[in-house]
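Below: structure30.txt (compact mmCIF, C-alpha atoms and all ligand atoms)
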# COMPACT_ATOMS: atom_id res chain seq x y z
CA MET G 9 -34.17 108.02 83.18
CA LEU G 10 -37.55 109.71 82.58
CA LYS G 11 -37.69 109.89 78.78
CA ASN G 12 -41.25 109.83 77.34
CA LYS G 13 -42.72 110.57 80.78
CA THR G 14 -44.56 113.69 81.95
CA ALA G 15 -44.58 114.94 85.52
CA PHE G 16 -47.08 117.22 87.21
CA ILE G 17 -45.47 119.06 90.13
CA THR G 18 -47.29 121.38 92.53
CA GLY G 19 -45.41 124.48 93.72
CA ALA G 20 -42.60 124.34 91.18
CA SER G 21 -42.21 128.09 90.56
CA ARG G 22 -39.54 128.20 93.29
CA GLY G 23 -37.56 126.14 95.78
CA LEU G 24 -37.67 122.37 95.97
CA GLY G 25 -40.45 122.05 93.38
CA LYS G 26 -38.38 124.00 90.85
CA ALA G 27 -35.29 121.88 91.56
CA ILE G 28 -37.37 118.70 91.12
CA ALA G 29 -38.81 120.05 87.84
CA ILE G 30 -35.35 120.87 86.49
CA ALA G 31 -33.84 117.54 87.56
CA MET G 32 -36.73 115.63 85.95
CA ALA G 33 -36.44 117.75 82.78
CA LYS G 34 -32.67 117.03 82.63
CA ASN G 35 -33.65 113.35 82.72
CA GLY G 36 -35.98 113.78 79.76
CA ALA G 37 -39.42 114.34 81.37
CA ASN G 38 -41.92 116.93 80.16
CA ILE G 39 -43.11 119.11 83.02
CA ALA G 40 -46.51 120.54 83.97
CA PHE G 41 -46.57 122.47 87.20
CA ALA G 42 -48.81 124.51 89.47
CA TYR G 43 -47.98 127.73 91.29
CA ALA G 44 -49.99 129.88 93.69
CA SER G 45 -49.35 133.49 92.66
CA ASN G 46 -45.75 134.23 91.63
CA GLN G 47 -46.24 134.45 87.85
CA SER G 48 -42.83 135.90 87.00
CA ALA G 49 -41.06 133.09 88.89
CA ALA G 50 -43.32 130.54 87.16
CA LEU G 51 -42.58 131.88 83.67
CA GLU G 52 -38.84 131.96 84.40
CA THR G 53 -38.97 128.35 85.62
CA CYS G 54 -40.88 127.35 82.45
CA GLU G 55 -38.17 128.86 80.25
CA GLU G 56 -35.43 127.15 82.26
CA ILE G 57 -37.17 123.76 81.95
CA ARG G 58 -37.63 124.20 78.17
CA SER G 59 -33.89 124.86 77.79
CA PHE G 60 -33.39 121.12 78.41
CA GLY G 61 -35.34 120.32 75.23
CA VAL G 62 -38.55 119.15 76.92
CA GLU G 63 -42.03 120.67 77.05
CA ALA G 64 -43.18 122.74 80.01
CA GLU G 65 -46.42 124.42 81.04
CA ALA G 66 -47.21 126.41 84.18
CA PHE G 67 -50.74 126.47 85.64
CA LEU G 68 -51.95 129.09 88.09
CA CYS G 69 -53.69 126.83 90.60
CA ASP G 70 -54.36 126.99 94.32
CA VAL G 71 -54.05 123.42 95.62
CA THR G 72 -56.49 124.21 98.46
CA ASP G 73 -59.30 124.62 95.90
CA PHE G 74 -60.89 121.28 94.98
CA SER G 75 -62.66 122.38 91.78
CA GLN G 76 -59.72 124.49 90.54
CA THR G 77 -57.32 121.54 90.95
CA GLY G 78 -59.80 119.32 89.08
CA GLU G 79 -59.93 121.76 86.14
CA VAL G 80 -56.14 122.07 85.99
CA VAL G 81 -55.63 118.30 86.06
CA LYS G 82 -58.01 118.02 83.07
CA GLN G 83 -56.18 120.82 81.23
CA ALA G 84 -52.76 119.27 81.89
CA ILE G 85 -53.88 115.84 80.66
CA SER G 86 -55.37 117.36 77.51
CA ARG G 87 -52.18 119.43 76.91
CA PHE G 88 -49.73 116.52 77.40
CA GLY G 89 -51.89 113.50 76.46
CA LYS G 90 -51.01 111.69 79.67
CA ILE G 91 -49.34 112.37 83.01
CA ASP G 92 -47.13 109.64 84.53
CA ILE G 93 -45.76 111.27 87.69
CA LEU G 94 -47.46 113.43 90.33
CA VAL G 95 -45.31 115.32 92.84
CA ASN G 96 -47.23 116.92 95.71
CA ASN G 97 -44.72 119.55 96.76
CA ALA G 98 -46.68 122.78 97.34
CA GLY G 99 -46.40 123.80 100.95
CA ILE G 100 -46.34 126.73 103.34
CA THR G 101 -45.39 127.44 106.96
CA LYS G 102 -47.24 129.56 109.51
CA ASP G 103 -45.16 128.84 112.59
CA GLY G 104 -46.02 129.68 116.20
CA LEU G 105 -46.33 127.96 119.54
CA ILE G 106 -49.74 126.37 120.11
CA PHE G 107 -50.53 128.84 122.92
CA SER G 108 -50.46 131.72 120.43
CA MET G 109 -51.22 129.93 117.12
CA LYS G 110 -54.35 131.27 115.41
CA GLU G 111 -56.97 128.73 114.35
CA GLN G 112 -56.82 130.12 110.78
CA ASP G 113 -53.07 129.51 110.66
CA PHE G 114 -53.59 125.89 111.69
CA ASP G 115 -56.30 125.43 109.04
CA LYS G 116 -54.36 127.16 106.23
CA VAL G 117 -51.31 124.93 106.67
CA ILE G 118 -53.40 121.73 106.85
CA ASP G 119 -55.45 122.83 103.81
CA THR G 120 -52.35 123.55 101.71
CA ASN G 121 -49.85 120.92 102.83
CA LEU G 122 -52.18 117.96 103.45
CA LYS G 123 -55.58 118.52 101.85
CA GLY G 124 -53.93 119.97 98.74
CA ALA G 125 -52.17 116.65 98.21
CA PHE G 126 -55.46 114.78 98.70
CA HIS G 127 -57.11 116.98 96.05
CA MET G 128 -54.39 116.20 93.52
CA ILE G 129 -54.40 112.46 94.25
CA LYS G 130 -58.21 112.38 94.06
CA HIS G 131 -58.18 114.03 90.62
CA PHE G 132 -55.29 111.96 89.26
CA CYS G 133 -56.31 108.53 90.60
CA GLY G 134 -58.95 108.00 87.88
CA PRO G 135 -56.59 108.69 84.95
CA PHE G 136 -53.76 106.73 86.65
CA MET G 137 -56.04 103.70 87.22
CA LYS G 138 -57.24 103.87 83.62
CA GLN G 139 -53.67 103.84 82.26
CA ARG G 140 -52.74 101.23 84.92
CA GLN G 141 -49.64 103.22 85.74
CA GLY G 142 -48.67 106.24 87.83
CA THR G 143 -46.09 107.35 90.36
CA ILE G 144 -46.97 109.68 93.22
CA ILE G 145 -44.34 111.43 95.36
CA ASN G 146 -45.43 113.44 98.40
CA ILE G 147 -43.00 115.97 99.90
CA SER G 148 -43.33 115.54 103.65
CA SER G 149 -40.76 116.72 106.24
CA VAL G 150 -38.73 115.40 109.16
CA SER G 151 -41.00 117.70 111.23
CA GLY G 152 -43.74 115.18 110.50
CA LEU G 153 -41.60 112.36 111.87
CA MET G 154 -40.03 113.99 114.93
CA GLY G 155 -42.35 116.94 115.75
CA ASN G 156 -41.01 120.47 116.11
CA PRO G 157 -41.92 123.14 118.69
CA GLY G 158 -43.66 126.02 116.88
CA GLN G 159 -44.87 123.81 114.04
CA ALA G 160 -48.00 122.08 115.38
CA ASN G 161 -49.86 122.80 112.12
CA TYR G 162 -46.93 121.95 109.84
CA SER G 163 -45.79 118.78 111.62
CA ALA G 164 -49.39 117.51 111.82
CA ALA G 165 -49.84 118.12 108.07
CA LYS G 166 -46.52 116.46 107.22
CA ALA G 167 -47.24 113.44 109.47
CA GLY G 168 -50.66 113.25 107.79
CA LEU G 169 -48.95 113.11 104.40
CA ILE G 170 -47.01 110.02 105.51
CA GLY G 171 -50.27 108.28 106.52
CA LEU G 172 -51.81 109.36 103.21
CA THR G 173 -48.78 107.97 101.34
CA LYS G 174 -49.12 104.54 102.98
CA THR G 175 -52.87 104.38 102.33
CA VAL G 176 -52.52 105.43 98.68
CA ALA G 177 -49.76 102.82 98.26
CA LYS G 178 -52.06 100.08 99.58
CA GLU G 179 -55.25 101.22 97.79
CA PHE G 180 -53.68 101.54 94.35
CA ALA G 181 -50.88 98.95 94.26
CA SER G 182 -53.00 96.48 92.30
CA ARG G 183 -53.49 99.15 89.60
CA GLY G 184 -49.77 99.64 88.97
CA ILE G 185 -49.60 102.89 90.95
CA THR G 186 -46.86 103.55 93.51
CA CYS G 187 -46.79 106.26 96.16
CA ASN G 188 -43.82 107.33 98.28
CA ALA G 189 -42.84 110.30 100.42
CA ILE G 190 -39.63 112.27 100.84
CA ALA G 191 -38.95 113.83 104.24
CA PRO G 192 -36.43 116.65 103.82
CA GLY G 193 -34.63 118.22 106.77
CA PHE G 194 -33.40 121.84 106.53
CA ILE G 195 -32.94 122.74 102.87
CA GLU G 196 -31.85 126.12 101.45
CA THR G 197 -35.00 127.70 99.93
CA ASP G 198 -37.17 130.81 100.47
CA MET G 199 -39.01 128.82 103.17
CA THR G 200 -35.92 128.48 105.37
CA ALA G 201 -34.40 131.86 104.32
CA LYS G 202 -37.04 133.57 106.46
CA LEU G 203 -35.88 131.80 109.65
CA SER G 204 -33.79 133.84 112.09
CA GLU G 205 -29.99 133.41 112.07
CA LYS G 206 -30.27 132.00 115.61
CA THR G 207 -32.76 129.32 114.49
CA LYS G 208 -30.60 128.41 111.49
CA GLU G 209 -27.45 128.14 113.62
CA ALA G 210 -29.27 125.88 116.11
CA ALA G 211 -30.55 123.72 113.24
CA ILE G 212 -27.11 123.32 111.70
CA GLU G 213 -25.66 122.44 115.11
CA ALA G 214 -28.25 119.63 115.40
CA ILE G 215 -27.47 118.20 111.93
CA PRO G 216 -24.69 115.56 112.04
CA LEU G 217 -23.44 116.64 108.56
CA LYS G 218 -23.27 120.24 109.95
CA ARG G 219 -24.83 121.97 106.98
CA MET G 220 -28.20 122.63 105.37
CA GLY G 221 -29.15 120.61 102.32
CA LYS G 222 -29.44 121.93 98.75
CA PRO G 223 -32.67 121.64 96.72
CA GLU G 224 -30.79 119.27 94.37
CA ASP G 225 -30.36 116.80 97.27
CA ILE G 226 -34.15 116.37 97.29
CA ALA G 227 -34.52 116.54 93.50
CA ASN G 228 -32.11 113.60 92.98
CA ILE G 229 -34.23 111.33 95.19
CA ALA G 230 -37.42 112.49 93.46
CA VAL G 231 -35.93 111.55 90.06
CA PHE G 232 -34.98 108.12 91.39
CA LEU G 233 -38.43 107.50 92.91
CA ALA G 234 -40.09 108.58 89.65
CA SER G 235 -37.90 106.28 87.57
CA ASP G 236 -38.42 102.62 86.68
CA GLN G 237 -35.46 101.82 88.96
CA ALA G 238 -37.78 102.42 91.92
CA ASN G 239 -40.77 100.45 90.66
CA TYR G 240 -40.68 97.94 93.57
CA ILE G 241 -40.73 100.71 96.22
CA THR G 242 -44.11 101.87 97.52
CA GLY G 243 -45.48 103.27 100.79
CA GLU G 244 -41.97 104.33 101.82
CA THR G 245 -40.78 107.61 103.34
CA ILE G 246 -37.18 108.52 102.55
CA LYS G 247 -35.45 111.00 104.87
CA VAL G 248 -33.00 113.42 103.24
CA ASP G 249 -31.84 115.40 106.24
CA GLY G 250 -28.07 115.14 106.79
CA GLY G 251 -28.76 112.80 109.70
CA LEU G 252 -30.96 115.28 111.64
CA TYR G 253 -33.46 112.58 112.61
CA VAL G 254 -31.49 109.42 113.25
P1 LIG G 301 -40.96 127.64 98.93
O1 LIG G 301 -39.59 128.00 98.45
O2 LIG G 301 -41.66 128.57 99.85
O3 LIG G 301 -41.89 127.36 97.64
C1 LIG G 301 -43.23 127.01 97.83
C2 LIG G 301 -43.86 126.68 96.50
O4 LIG G 301 -45.21 126.24 96.76
C3 LIG G 301 -43.97 127.87 95.56
O5 LIG G 301 -43.83 127.39 94.25
C4 LIG G 301 -45.40 128.38 95.79
O6 LIG G 301 -45.94 129.06 94.67
C5 LIG G 301 -46.12 127.03 95.99
N1 LIG G 301 -47.38 127.14 96.74
C6 LIG G 301 -47.58 127.62 97.99
N2 LIG G 301 -48.88 127.56 98.31
C7 LIG G 301 -49.52 127.03 97.24
C8 LIG G 301 -50.87 126.76 96.92
N3 LIG G 301 -51.87 126.99 97.79
N4 LIG G 301 -51.16 126.24 95.70
C9 LIG G 301 -50.20 126.01 94.78
N5 LIG G 301 -48.89 126.25 95.01
C10 LIG G 301 -48.57 126.77 96.22
O7 LIG G 301 -40.94 126.23 99.69
P2 LIG G 301 -39.86 125.03 99.61
O8 LIG G 301 -38.90 125.20 100.69
O9 LIG G 301 -39.42 124.84 98.22
O10 LIG G 301 -40.81 123.82 100.06
C11 LIG G 301 -41.38 122.90 99.12
C12 LIG G 301 -41.98 121.74 99.90
O11 LIG G 301 -40.95 121.09 100.64
C13 LIG G 301 -43.04 122.16 100.91
O12 LIG G 301 -44.07 121.21 100.96
C14 LIG G 301 -42.26 122.17 102.21
O13 LIG G 301 -43.11 121.99 103.32
C15 LIG G 301 -41.33 121.00 101.99
N6 LIG G 301 -40.14 121.03 102.84
C16 LIG G 301 -39.24 122.05 102.74
C17 LIG G 301 -38.13 122.05 103.57
C18 LIG G 301 -37.07 123.12 103.51
O14 LIG G 301 -36.17 123.09 104.36
N7 LIG G 301 -37.11 124.03 102.57
C19 LIG G 301 -37.97 121.03 104.53
C20 LIG G 301 -38.92 120.01 104.61
C21 LIG G 301 -40.00 120.03 103.75
P3 LIG G 301 -45.69 130.68 94.44
O15 LIG G 301 -44.28 130.83 93.92
O16 LIG G 301 -46.70 131.07 93.43
O17 LIG G 301 -45.87 131.33 95.78
Rewrite the coordinates I just gave you, this time as structure tokens.
Amino acid sequence: MLKNKTAFITGASRGLGKAIAIAMAKNGANIAFAYASNQSAALETCEEIRSFGVEAEAFLCDVTDFSQTGEVVKQAISRFGKIDILVNNAGITKDGLIFSMKEQDFDKVIDTNLKGAFHMIKHFCGPFMKQRQGTIINISSVSGLMGNPGQANYSAAKAGLIGLTKTVAKEFASRGITCNAIAPGFIETDMTAKLSEKTKEAAIEAIPLKRMGKPEDIANIAVFLASDQANYITGETIKVDGGLYV
């Protein structure tokens, strides 16, 4: 489905980003990806991606840093010739109720989860407009749609990503660029592994399908949105949450 395409994915050393990278590679795409610090996980992911017969390159890159992201986008384009798909997946949590949430923890989550995506879109929009083609996928969250106590920073960032998605869709549609978001519910990754058993049990109880999702559940939708089969979809947010937010 993605033969002769190259994807750039932020935060693909682990979790959902890694699953998206592997699913896209299985469908024939070359993969460039960014990671924050975990070099051994990044190198392992690179090897795994290459085992599907495609090219892969990992870039150490903090998405909160505007100039660093600009440099890495240039390097990735020069390494692969052209990038067709951008997946803004890198994200963190720093949960706490507003009463006790530190200002720095609010800023850090907004800077990573929302501004990081803006940085990447800003650096890729020129090349995408020039080639009159590009697909952008932003990984939001159902927290951004429904709110979640203890996640003021995270839900604000994820709601912001949905607004950003709609604006990018409208600004760039005439240039052949589409932009959509995926809003996962509770998915099994390192991010949710650190939640208490009590929190996980309560979450599963609230999910109509009565289980957490797998990273592949998100990756399959990302492959579809990146493919030509989805080329009349833009500005949309697709929930993949087992019915959590119906
Ligand atoms: P994860 O397992 O914690 O992985 C996070 C990834 O993001 C890692 O590759 C990490 O790199 C990278 N990263 C973190 N900060 C970064 C930065 N400043 N610059 C570049 N890369 C950075 O998280 P996940 O569960 O896969 O989540 C992926 C995305 O899905 C996030 O945006 C998250 O908010 C969203 N999401 C997840 C769930 C869920 O249930 N898991 C639900 C809804 C939405 P290192 O390996 O180098 O640290």
Could the residues of region 154-218 of chain G that have an atom at most 8 Å from region 104-114 of chain G be listed as CSV, each with its closest atom pair and the distance in Å to one decimal, counting all atoms listed in the file and ordered by chain and ascending residue number?
residue,atom,partner,partner_atom,distance
G:Pro157,CA,G:Leu105,CA,6.6
G:Gly158,CA,G:Leu105,CA,4.2
G:Gln159,CA,G:Gly104,CA,6.4
G:Ala160,CA,G:Ile106,CA,6.6
G:Asn161,CA,G:Phe114,CA,4.9
G:Tyr162,CA,G:Phe114,CA,8.0
Please write out the residues within 6 Å of ligand LIG 301 (chain G) as a ChimeraX atom specification, counting all atoms listed in the file.
/G:18-25,42-46,69-72,97-100,120,147-149,192-200
Residues of region 58-153 of chain G that approach region 34-38 of chain G to 9 Å or less, counting only C-alpha atoms: could you list each one with the shortest pair of atoms and its distance in Å to one decimal, rows by chain and increasing residue number, as a tab-separated table?
residue	atom	partner	partner_atom	distance
G:Arg58	CA	G:Asn38	CA	8.7
G:Phe60	CA	G:Lys34	CA	5.9
G:Gly61	CA	G:Gly36	CA	8.0
G:Val62	CA	G:Asn38	CA	5.2
G:Glu63	CA	G:Asn38	CA	4.9
G:Ala64	CA	G:Asn38	CA	5.9
G:Glu65	CA	G:Asn38	CA	8.8
G:Phe88	CA	G:Asn38	CA	8.3
Using C-alpha atoms, can you export the residues from the last selection as a PDB file, in the frame of the given file?
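Ended up saving to result08.pdb:
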ATOM      1  CA  ARG G  58     -37.630 124.200  78.170  1.00  0.00           C
ATOM      2  CA  PHE G  60     -33.390 121.120  78.410  1.00  0.00           C
ATOM      3  CA  GLY G  61     -35.340 120.320  75.230  1.00  0.00           C
ATOM      4  CA  VAL G  62     -38.550 119.150  76.920  1.00  0.00           C
ATOM      5  CA  GLU G  63     -42.030 120.670  77.050  1.00  0.00           C
ATOM      6  CA  ALA G  64     -43.180 122.740  80.010  1.00  0.00           C
ATOM      7  CA  GLU G  65     -46.420 124.420  81.040  1.00  0.00           C
ATOM      8  CA  PHE G  88     -49.730 116.520  77.400  1.00  0.00           C
TER       9      PHE G  88
END
Shortest contact to Tyr240 (chain G), candidates G:Asp225, G:Glu209, G:Met220, G:Ile185, atoms counted all atoms listed in the file, goes to G:Ile185
Just how far from CA of Val81 (chain G) is CA of Phe16 (chain G), in Å to one decimal?
8.7 Å
Counting only C-alpha atoms, which of G:Gly243, G:Thr186, G:Ala234, G:Gly155 gets nearest to Lys174 (chain G)?
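Nearest candidate to Lys174 (chain G) out of G:Gly243, G:Thr186, G:Ala234, G:Gly155: G:Gly243.
Our summary of the geometry notes that CA of Asn156 (chain G) is positioned 26.0 Å from CA of Ile144 (chain G).
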May I have the residues within 10 Å of region 211-214 of chain G as JSON, numbers by chain, using all atoms listed in the file and disregarding those fewer than 5 positions away in the same chain?
{"G": [193, 194, 205, 206, 219, 220, 221, 250, 251, 252, 253]}
Contacts of Ile17 (chain G) at 6 Å or less, counting all atoms listed in the file, minus same-chain residues fewer than 2 places along, as a list in words?
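Residues near the query, excluding close chain neighbours: Phe41, Leu94 and Val95 of chain G.
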Between CA of Gly152 (chain G) and CA of Ala191 (chain G), measure the distance and give it in Å to one decimal.
8.0 Å
Point out the residue among G:Asn96, G:Met128, G:Gly184, G:Ile118 with the least atom-to-atom distance to Glu79 (chain G), counting all atoms listed in the file.
G:Met128
For region 37-50 of chain G of the structure just presented, write N, CA and C atoms to a file, as a PDB file, in the first residue's frame.
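Writing done, so here's out-v3.pdb:
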ATOM      1  N   ALA G  37       6.960   1.008   2.827  1.00  0.00           N
ATOM      2  CA  ALA G  37       7.504   2.374   2.971  1.00  0.00           C
ATOM      3  C   ALA G  37       8.901   2.354   3.599  1.00  0.00           C
ATOM      4  N   ASN G  38       9.766   3.255   3.148  1.00  0.00           N
ATOM      5  CA  ASN G  38      11.023   3.518   3.842  1.00  0.00           C
ATOM      6  C   ASN G  38      10.687   4.385   5.054  1.00  0.00           C
ATOM      7  N   ILE G  39      11.501   4.242   6.108  1.00  0.00           N
ATOM      8  CA  ILE G  39      11.161   4.932   7.358  1.00  0.00           C
ATOM      9  C   ILE G  39      12.331   5.764   7.893  1.00  0.00           C
ATOM     10  N   ALA G  40      12.063   7.055   8.116  1.00  0.00           N
ATOM     11  CA  ALA G  40      12.963   7.913   8.893  1.00  0.00           C
ATOM     12  C   ALA G  40      12.228   8.201  10.190  1.00  0.00           C
ATOM     13  N   PHE G  41      12.939   8.172  11.308  1.00  0.00           N
ATOM     14  CA  PHE G  41      12.221   8.501  12.539  1.00  0.00           C
ATOM     15  C   PHE G  41      13.088   9.234  13.548  1.00  0.00           C
ATOM     16  N   ALA G  42      12.415   9.952  14.437  1.00  0.00           N
ATOM     17  CA  ALA G  42      13.096  10.708  15.487  1.00  0.00           C
ATOM     18  C   ALA G  42      12.853  10.034  16.830  1.00  0.00           C
ATOM     19  N   TYR G  43      13.865  10.135  17.707  1.00  0.00           N
ATOM     20  CA  TYR G  43      13.696   9.663  19.084  1.00  0.00           C
ATOM     21  C   TYR G  43      14.363  10.687  19.998  1.00  0.00           C
ATOM     22  N   ALA G  44      13.981  10.639  21.295  1.00  0.00           N
ATOM     23  CA  ALA G  44      14.455  11.682  22.212  1.00  0.00           C
ATOM     24  C   ALA G  44      15.785  11.337  22.852  1.00  0.00           C
ATOM     25  N   SER G  45      15.950  10.096  23.331  1.00  0.00           N
ATOM     26  CA  SER G  45      17.173   9.758  24.067  1.00  0.00           C
ATOM     27  C   SER G  45      17.524   8.271  24.056  1.00  0.00           C
ATOM     28  N   ASN G  46      16.543   7.412  23.849  1.00  0.00           N
ATOM     29  CA  ASN G  46      16.755   5.971  24.013  1.00  0.00           C
ATOM     30  C   ASN G  46      17.406   5.365  22.755  1.00  0.00           C
ATOM     31  N   GLN G  47      18.766   5.501  22.703  1.00  0.00           N
ATOM     32  CA  GLN G  47      19.473   5.093  21.479  1.00  0.00           C
ATOM     33  C   GLN G  47      19.391   3.593  21.215  1.00  0.00           C
ATOM     34  N   SER G  48      19.488   2.790  22.282  1.00  0.00           N
ATOM     35  CA  SER G  48      19.475   1.336  22.040  1.00  0.00           C
ATOM     36  C   SER G  48      18.122   0.899  21.478  1.00  0.00           C
ATOM     37  N   ALA G  49      17.037   1.473  22.010  1.00  0.00           N
ATOM     38  CA  ALA G  49      15.708   1.141  21.470  1.00  0.00           C
ATOM     39  C   ALA G  49      15.607   1.607  20.016  1.00  0.00           C
ATOM     40  N   ALA G  50      16.175   2.780  19.719  1.00  0.00           N
ATOM     41  CA  ALA G  50      16.102   3.323  18.353  1.00  0.00           C
ATOM     42  C   ALA G  50      16.849   2.422  17.367  1.00  0.00           C
TER      43      ALA G  50
END
